[in-house]
Amino acid sequence: MTAYYDAGRLACVAVSALRGPQVTLDGLRLVGRVPSELEDAFAEYTSTNGHDLRYSQHADPGSETLGVVLRAQRAGDVVLSRPVLVASTWAERCCDVTEGRIPTEEWRDRAW
């Protein structure tokens with residue numbers, strides 16, 4: 001897990017697809033899933049529950065009202081889901097790679 005702070009307060013957590021911990025949203029598992037399957041389930045969840053559905057410039061689904069972006073993480077020969085959860089102070093434009101508050105290093109491809 002990677003934690004990001006703003007003025008000494010926890011503002012964002014990115015959960016490793018490989019090491020967890022498992023995080024759920026009303027029973028919807030967010031960690032270590034095939035991104036396309038999670039995207040479909042997340043789109044249905046947001047639509048059913050009145051939340052927005054946005055996409056980053058990297059095509060990662062997310063929601064400002066929920067403060068979540070569902071990133072992808074390479075895991076050997078596969079790609080799995082790596083949710084990024086933000087505090088309400090960072091939720092506006094959380095899916096925007098250039099104007100959101102999620103640190104740049106979280107958007108870069110890197111070895112996990």
# chains A, B, ... in the order shown; residues from 1 in each chain; ligands from 1
$ select_by_dssp --residues "chain A" --states "helix (DSSP H, G or I)" --output "NGL selection string"
:A and (35-49 or 88-91 or 104-107)
$ residues_around --residues "range 80-82 of chain A" --least-positions-apart "2" --cutoff "6 Å" --atoms "only C-alpha atoms" --output "VMD selection string"
chain A and resid 15 to 17 31 to 35 70 to 73
$ closest_residue --among "A:Ala91, A:Thr48, A:Val23, A:Val97" --to "Asp60 in chain A" --atoms "only C-alpha atoms"
A:Val97
$ atom_distance --atom1 "CA of Thr65 in chain A" --atom2 "CA of Glu92 in chain A"
8.2 Å
$ select_by_dssp --residues "chain A" --states "strand (DSSP E)" --output "PyMOL selection string"
chain A and resi 2-6+9-14+24-25+28-29+54-55+61-63+68-75+78-86
$ residues_around --residues "Gly50 in chain A" --least-positions-apart "3" --cutoff "12 Å" --atoms "only C-alpha atoms" --output "list in words"
Phe42, Ala43, Glu44, Tyr45, Thr46, Ser47, Leu53, Ser63, Glu64, Thr65 and Leu66 of chain A
$ closest_residue --among "A:Gly8, A:Pro61, A:Gly76, A:Gly100" --to "Asp40 in chain A" --atoms "only C-alpha atoms"
A:Pro61
$ closest_residue --among "A:Asn49, A:Leu25, A:Asp77, A:Ser56" --to "Asp96 in chain A" --atoms "only C-alpha atoms"
A:Ser56
$ closest_residue --among "A:Arg54, A:Ala7, A:Val69, A:Arg19" --to "Val84 in chain A" --atoms "only C-alpha atoms"
A:Val69
$ residues_around --residues "Thr2 in chain A" --least-positions-apart "6" --cutoff "12 Å" --atoms "only C-alpha atoms" --output "JSON, numbers by chain"
{"A": [10, 11, 12, 13, 14, 15, 16, 17, 19, 20, 21, 82, 83, 84, 85, 86, 102, 103, 105, 106, 112]}
$ write_last_selection --atoms "N, CA and C atoms" --output "mmCIF file, in the first residue's frame"
data_model
loop_
_atom_site.group_PDB
_atom_site.id
_atom_site.type_symbol
_atom_site.label_atom_id
_atom_site.label_comp_id
_atom_site.auth_asym_id
_atom_site.auth_seq_id
_atom_site.Cartn_x
_atom_site.Cartn_y
_atom_site.Cartn_z
ATOM 1 N N LEU A 10 -3.459 12.176 6.111
ATOM 2 C CA LEU A 10 -3.633 11.165 5.077
ATOM 3 C C LEU A 10 -4.661 11.656 4.065
ATOM 4 N N ALA A 11 -4.285 11.676 2.786
ATOM 5 C CA ALA A 11 -5.175 12.195 1.749
ATOM 6 C C ALA A 11 -5.468 11.182 0.656
ATOM 7 N N CYS A 12 -4.636 10.138 0.548
ATOM 8 C CA CYS A 12 -4.777 9.202 -0.557
ATOM 9 C C CYS A 12 -4.075 7.890 -0.207
ATOM 10 N N VAL A 13 -4.701 6.790 -0.594
ATOM 11 C CA VAL A 13 -4.105 5.474 -0.409
ATOM 12 C C VAL A 13 -4.253 4.701 -1.713
ATOM 13 N N ALA A 14 -3.153 4.136 -2.199
ATOM 14 C CA ALA A 14 -3.172 3.264 -3.369
ATOM 15 C C ALA A 14 -2.876 1.849 -2.876
ATOM 16 N N VAL A 15 -3.763 0.924 -3.178
ATOM 17 C CA VAL A 15 -3.658 -0.437 -2.653
ATOM 18 C C VAL A 15 -3.040 -1.356 -3.705
ATOM 19 N N SER A 16 -1.997 -2.052 -3.323
ATOM 20 C CA SER A 16 -1.286 -2.951 -4.234
ATOM 21 C C SER A 16 -2.174 -4.102 -4.686
ATOM 22 N N ALA A 17 -2.177 -4.336 -5.993
ATOM 23 C CA ALA A 17 -2.920 -5.466 -6.549
ATOM 24 C C ALA A 17 -2.335 -6.798 -6.100
ATOM 25 N N ARG A 19 -0.308 -7.288 -3.101
ATOM 26 C CA ARG A 19 -0.165 -7.483 -1.662
ATOM 27 C C ARG A 19 -1.362 -7.021 -0.844
ATOM 28 N N GLY A 20 -2.307 -6.322 -1.473
ATOM 29 C CA GLY A 20 -3.511 -5.902 -0.777
ATOM 30 C C GLY A 20 -3.260 -4.799 0.224
ATOM 31 N N PRO A 21 -4.124 -4.689 1.194
ATOM 32 C CA PRO A 21 -5.196 -5.586 1.597
ATOM 33 C C PRO A 21 -6.393 -5.489 0.658
ATOM 34 N N ARG A 82 -5.693 -1.917 -9.116
ATOM 35 C CA ARG A 82 -5.006 -1.225 -8.015
ATOM 36 C C ARG A 82 -5.844 0.007 -7.688
ATOM 37 N N PRO A 83 -6.758 -0.075 -6.721
ATOM 38 C CA PRO A 83 -7.587 1.091 -6.419
ATOM 39 C C PRO A 83 -6.801 2.191 -5.718
ATOM 40 N N VAL A 84 -7.150 3.407 -6.070
ATOM 41 C CA VAL A 84 -6.595 4.590 -5.425
ATOM 42 C C VAL A 84 -7.776 5.302 -4.769
ATOM 43 N N LEU A 85 -7.705 5.440 -3.466
ATOM 44 C CA LEU A 85 -8.793 6.028 -2.678
ATOM 45 C C LEU A 85 -8.332 7.373 -2.141
ATOM 46 N N VAL A 86 -9.160 8.405 -2.310
ATOM 47 C CA VAL A 86 -8.764 9.744 -1.891
ATOM 48 C C VAL A 86 -9.746 10.317 -0.877
ATOM 49 N N ILE A 102 -3.964 13.703 -7.104
ATOM 50 C CA ILE A 102 -3.191 12.467 -6.938
ATOM 51 C C ILE A 102 -1.785 12.726 -7.471
ATOM 52 N N PRO A 103 -0.755 12.408 -6.684
ATOM 53 C CA PRO A 103 0.620 12.703 -7.100
ATOM 54 C C PRO A 103 1.001 12.059 -8.437
ATOM 55 N N GLU A 105 3.631 10.597 -9.439
ATOM 56 C CA GLU A 105 4.269 9.272 -9.398
ATOM 57 C C GLU A 105 3.260 8.132 -9.370
ATOM 58 N N GLU A 106 2.051 8.381 -8.913
ATOM 59 C CA GLU A 106 1.034 7.327 -8.917
ATOM 60 C C GLU A 106 0.556 7.025 -10.330
ATOM 61 N N TRP A 112 6.295 -2.386 -9.461
ATOM 62 C CA TRP A 112 5.632 -2.399 -8.171
ATOM 63 C C TRP A 112 6.364 -3.334 -7.246
#
$ atom_distance --atom1 "CA of Gly27 in chain A" --atom2 "CA of Val79 in chain A"
21.7 Å
$ closest_residue --among "A:Gly62, A:Met1, A:Arg74, A:Asp26" --to "Glu39 in chain A" --atoms "only C-alpha atoms"
A:Gly62
